[in-house]
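Visitor: Handing over upload-v4.cif, mmCIF, C-alpha atoms.
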data_final
#
loop_
_atom_site.group_PDB
_atom_site.id
_atom_site.type_symbol
_atom_site.label_atom_id
_atom_site.label_comp_id
_atom_site.auth_asym_id
_atom_site.auth_seq_id
_atom_site.Cartn_x
_atom_site.Cartn_y
_atom_site.Cartn_z
ATOM 1 C CA MET A 208 134.021 117.332 90.197
ATOM 2 C CA GLU A 209 137.605 116.298 89.534
ATOM 3 C CA VAL A 210 138.289 113.042 87.717
ATOM 4 C CA TYR A 211 141.542 111.459 88.828
ATOM 5 C CA ARG A 212 143.727 109.771 86.223
ATOM 6 C CA ILE A 213 144.956 106.445 87.615
ATOM 7 C CA ARG A 214 147.165 103.899 85.853
ATOM 8 C CA ALA A 215 145.496 100.499 85.904
ATOM 9 C CA HIS A 216 148.337 98.784 87.780
ATOM 10 C CA HIS A 217 148.297 101.504 90.435
ATOM 11 C CA GLY A 218 145.037 99.934 91.613
ATOM 12 C CA MET A 219 147.211 97.094 92.870
ATOM 13 C CA CYS A 220 149.969 99.345 94.226
ATOM 14 C CA LEU A 221 147.463 101.325 96.266
ATOM 15 C CA ALA A 222 146.066 98.134 97.797
ATOM 16 C CA TYR A 223 149.488 97.308 99.259
ATOM 17 C CA PHE A 224 150.977 100.765 99.829
ATOM 18 C CA ARG A 225 152.390 101.156 103.338
ATOM 19 C CA GLY A 226 154.710 104.148 103.042
ATOM 20 C CA GLU A 227 157.553 102.728 100.996
ATOM 21 C CA GLY A 228 158.524 104.655 97.921
ATOM 22 C CA TYR A 229 161.152 106.163 95.746
ATOM 23 C CA SER A 230 161.588 109.182 97.987
ATOM 24 C CA GLU A 231 159.953 111.030 100.872
ATOM 25 C CA GLU A 232 158.292 113.358 98.341
ATOM 26 C CA PHE A 233 156.887 110.405 96.365
ATOM 27 C CA THR A 234 155.650 108.707 99.545
ATOM 28 C CA GLU A 235 153.890 111.859 100.775
ATOM 29 C CA HIS A 236 152.272 112.321 97.364
ATOM 30 C CA MET A 237 151.100 108.695 97.309
ATOM 31 C CA TYR A 238 149.561 109.052 100.779
ATOM 32 C CA ARG A 239 147.758 112.215 99.640
ATOM 33 C CA ILE A 240 146.332 110.565 96.503
ATOM 34 C CA LYS A 241 145.349 107.450 98.456
ATOM 35 C CA GLY A 242 143.499 109.615 100.986
ATOM 36 C CA GLU A 243 141.700 111.543 98.267
ATOM 37 C CA LEU A 244 140.621 108.306 96.594
ATOM 38 C CA GLU A 245 138.985 107.206 99.860
ATOM 39 C CA THR A 246 136.311 109.861 99.180
ATOM 40 C CA ASN A 247 135.302 107.690 96.180
ATOM 41 C CA PRO A 248 135.814 110.167 93.333
ATOM 42 C CA LYS A 249 135.467 109.369 89.660
ATOM 43 C CA VAL A 250 138.661 107.939 88.173
ATOM 44 C CA ALA A 251 139.760 107.461 84.582
ATOM 45 C CA ILE A 252 141.680 104.200 84.402
ATOM 46 C CA ILE A 253 144.543 104.691 81.972
ATOM 47 C CA ASN A 254 147.687 102.983 80.691
ATOM 48 C CA GLY A 255 149.970 106.022 80.737
ATOM 49 C CA THR A 256 151.399 108.485 83.237
ATOM 50 C CA ASP A 257 148.807 109.444 85.832
ATOM 51 C CA ASP A 258 148.243 111.599 88.894
ATOM 52 C CA ILE A 259 150.490 109.350 90.991
ATOM 53 C CA CYS A 260 153.387 109.368 88.515
ATOM 54 C CA GLY A 261 153.973 113.098 88.971
ATOM 55 C CA HIS A 262 156.500 112.541 91.774
ATOM 56 C CA CYS A 263 158.148 109.399 90.409
ATOM 57 C CA PRO A 264 161.830 109.709 89.437
ATOM 58 C CA ASN A 265 161.104 107.561 86.357
ATOM 59 C CA ASN A 266 158.752 110.295 85.079
ATOM 60 C CA LEU A 267 160.713 112.666 82.871
ATOM 61 C CA ALA A 268 158.468 115.505 81.699
ATOM 62 C CA GLY A 269 155.430 113.218 81.597
ATOM 63 C CA ILE A 270 157.222 110.310 79.932
ATOM 64 C CA CYS A 271 157.867 107.142 81.921
ATOM 65 C CA THR A 272 161.356 105.729 81.450
ATOM 66 C CA SER A 273 159.957 102.301 82.406
ATOM 67 C CA MET A 274 156.959 102.605 80.089
ATOM 68 C CA GLU A 275 157.215 99.233 78.358
ATOM 69 C CA LYS A 276 157.279 97.309 81.632
ATOM 70 C CA VAL A 277 154.553 99.259 83.428
ATOM 71 C CA GLU A 278 152.333 99.487 80.361
ATOM 72 C CA ASN A 279 152.410 95.685 80.317
ATOM 73 C CA TYR A 280 151.281 95.693 83.979
ATOM 74 C CA ASP A 281 148.499 98.147 83.077
ATOM 75 C CA ASN A 282 147.254 96.086 80.151
ATOM 76 C CA LYS A 283 147.118 92.910 82.241
ATOM 77 C CA VAL A 284 145.092 94.681 84.947
ATOM 78 C CA LEU A 285 142.728 96.162 82.363
ATOM 79 C CA GLY A 286 142.181 92.732 80.820
ATOM 80 C CA LEU A 287 141.544 90.938 84.099
ATOM 81 C CA CYS A 288 139.203 93.698 85.279
ATOM 82 C CA GLY A 289 137.322 93.615 81.967
ATOM 83 C CA ILE A 290 137.684 97.318 81.235
ATOM 84 C CA GLU A 291 139.403 99.413 78.581
ATOM 85 C CA ALA A 292 141.906 102.222 78.993
ATOM 86 C CA GLY A 293 140.010 105.472 79.452
ATOM 87 C CA THR A 294 137.107 103.914 81.349
ATOM 88 C CA VAL A 295 135.699 106.334 83.939
ATOM 89 C CA LEU A 296 134.136 104.889 87.084
ATOM 90 C CA GLU A 297 134.047 105.448 90.825
ATOM 91 C CA TRP A 298 137.264 104.584 92.643
ATOM 92 C CA LYS A 299 135.538 102.019 94.897
ATOM 93 C CA VAL A 300 134.208 100.164 91.836
ATOM 94 C CA PHE A 301 137.692 99.887 90.336
ATOM 95 C CA GLU A 302 139.214 99.006 93.704
ATOM 96 C CA GLY A 303 136.614 96.226 94.010
ATOM 97 C CA LEU A 304 137.386 94.873 90.539
ATOM 98 C CA VAL A 305 141.094 94.704 91.353
ATOM 99 C CA LYS A 306 140.382 92.960 94.644
ATOM 100 C CA GLU A 307 137.865 90.447 93.278
ATOM 101 C CA ARG A 308 139.451 89.623 89.920
ATOM 102 C CA ILE A 309 143.151 89.839 90.772
ATOM 103 C CA LEU A 310 144.101 89.960 94.446
ATOM 104 C CA ASP A 311 141.516 87.586 95.961
ATOM 105 C CA VAL A 312 142.124 84.951 93.281
ATOM 106 C CA GLY A 313 145.925 85.002 93.508
ATOM 107 C CA LYS A 314 146.730 86.609 90.164
ATOM 108 C CA ARG A 315 148.982 89.403 91.459
ATOM 109 C CA GLY A 316 152.130 87.466 90.541
ATOM 110 C CA GLU A 317 150.957 87.089 86.937
ATOM 111 C CA ILE A 318 150.905 90.847 86.596
ATOM 112 C CA CYS A 319 153.761 92.358 88.514
ATOM 113 C CA SER A 320 156.468 89.733 88.510
ATOM 114 C CA GLY A 321 159.746 91.616 88.358
ATOM 115 C CA CYS A 322 158.440 94.822 89.934
ATOM 116 C CA GLN A 323 161.030 96.389 92.227
ATOM 117 C CA TRP A 324 158.371 96.731 94.955
ATOM 118 C CA GLU A 325 157.053 93.159 94.689
ATOM 119 C CA HIS A 326 158.695 92.158 97.976
ATOM 120 C CA LEU A 327 156.400 94.626 99.795
ATOM 121 C CA CYS A 328 153.175 93.056 98.568
#
Please render this file's structure as structure tokens.

Guide:
Amino acid sequence: MEVYRIRAHHGMCLAYFRGEGYSEEFTEHMYRIKGELETNPKVAIINGTDDICGHCPNNLAGICTSMEKVENYDNKVLGLCGIEAGTVLEWKVFEGLVKERILDVGKRGEICSGCQWEHLC
């Protein structure tokens, strides 16, 4: 069974994703990953480049050119969800943590203020 590697803050991005993205290739990739996650696979929640980042123009050979900013987003999500980087759990469990501990209680703005996609959320 494959374990997907998902950046912590991508748990929030996936909750709001509606087909906007950096490029058509990125958008198609994001839709594919989102669909695969609906089957509730195991995911490793990380604070580095993940399976979604592969088609991002800010990903240069596995290194994020926006690492400082997005790592900060990741660390805030990890803290609010009460998990550590590297935690492996089912996607629906992580999705539920993000919803209950961040989105439903209005903490999204604390995490991703300044994100270029914030206007879509």

Visitor: Take atom CA of Asn282 of chain A and atom CA of Lys306 of chain A and report the distance between them in Å, one decimal.

Guide: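 Atom CA of Asn282 of chain A sits 16.3 Å away from atom CA of Lys306 of chain A.
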
Visitor: One decimal, in Å: what's the spacing between atom CA of Thr294 of chain A and atom CA of Cys328 of chain A?

Guide: 25.9 Å

Visitor: With distances taken over all atoms listed in the file, which residue among A:Lys249, A:His217, A:Lys276, A:His262 lies nearest Ser320 of chain A?

Guide: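 Among the listed residues, the smallest separation from Ser320 of chain A belongs to A:Lys276.
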
Visitor: Name the residues that the PyMOL selection byres ((chain A and resi 279) around 12) picks from the file above, as a VMD selection string, using the file's chain letters and numbers.

Guide: chain A and resid 214 to 216 254 to 255 273 to 278 280 to 286 317 to 322

Visitor: For the structure shown, which residues end up in the PyMOL selection byres ((chain A and resi 233) around 12)? Put them as a ChimeraX atom specification, please?

Guide: /A:224,226-232,234-240,258-266

Visitor: So how far away is atom CA of Glu307 of chain A from atom CA of Ala251 of chain A, in Å?

Guide: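 Atom CA of Ala251 of chain A sits 19.2 Å away from atom CA of Glu307 of chain A.
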
Visitor: Assuming the input is short of atoms at segment 236-247 of chain A, produce N, CA and C atoms for that part as an mmCIF file, in the frame of the given file.

Guide:
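The resulting out.cif:
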data_model
loop_
_atom_site.group_PDB
_atom_site.id
_atom_site.type_symbol
_atom_site.label_atom_id
_atom_site.label_comp_id
_atom_site.auth_asym_id
_atom_site.auth_seq_id
_atom_site.Cartn_x
_atom_site.Cartn_y
_atom_site.Cartn_z
ATOM 1 N N HIS A 236 153.227 112.140 98.462
ATOM 2 C CA HIS A 236 152.272 112.321 97.364
ATOM 3 C C HIS A 236 151.336 111.110 97.261
ATOM 4 N N MET A 237 151.898 109.920 97.392
ATOM 5 C CA MET A 237 151.100 108.695 97.309
ATOM 6 C C MET A 237 150.077 108.644 98.451
ATOM 7 N N TYR A 238 150.503 109.005 99.654
ATOM 8 C CA TYR A 238 149.561 109.052 100.779
ATOM 9 C C TYR A 238 148.435 110.042 100.499
ATOM 10 N N ARG A 239 148.770 111.198 99.930
ATOM 11 C CA ARG A 239 147.758 112.215 99.640
ATOM 12 C C ARG A 239 146.745 111.692 98.627
ATOM 13 N N ILE A 240 147.234 111.107 97.534
ATOM 14 C CA ILE A 240 146.332 110.565 96.503
ATOM 15 C C ILE A 240 145.471 109.449 97.090
ATOM 16 N N LYS A 241 146.103 108.554 97.858
ATOM 17 C CA LYS A 241 145.349 107.450 98.456
ATOM 18 C C LYS A 241 144.228 107.989 99.346
ATOM 19 N N GLY A 242 144.513 109.006 100.132
ATOM 20 C CA GLY A 242 143.499 109.615 100.986
ATOM 21 C C GLY A 242 142.374 110.244 100.188
ATOM 22 N N GLU A 243 142.721 110.919 99.107
ATOM 23 C CA GLU A 243 141.700 111.543 98.267
ATOM 24 C C GLU A 243 140.821 110.497 97.593
ATOM 25 N N LEU A 244 141.404 109.367 97.225
ATOM 26 C CA LEU A 244 140.621 108.306 96.594
ATOM 27 C C LEU A 244 139.628 107.678 97.571
ATOM 28 N N GLU A 245 139.907 107.751 98.858
ATOM 29 C CA GLU A 245 138.985 107.206 99.860
ATOM 30 C C GLU A 245 137.643 107.934 99.862
ATOM 31 N N THR A 246 137.585 109.136 99.277
ATOM 32 C CA THR A 246 136.311 109.861 99.180
ATOM 33 C C THR A 246 135.473 109.359 98.009
ATOM 34 N N ASN A 247 135.982 108.354 97.293
ATOM 35 C CA ASN A 247 135.302 107.690 96.180
ATOM 36 C C ASN A 247 135.008 108.602 94.989
#
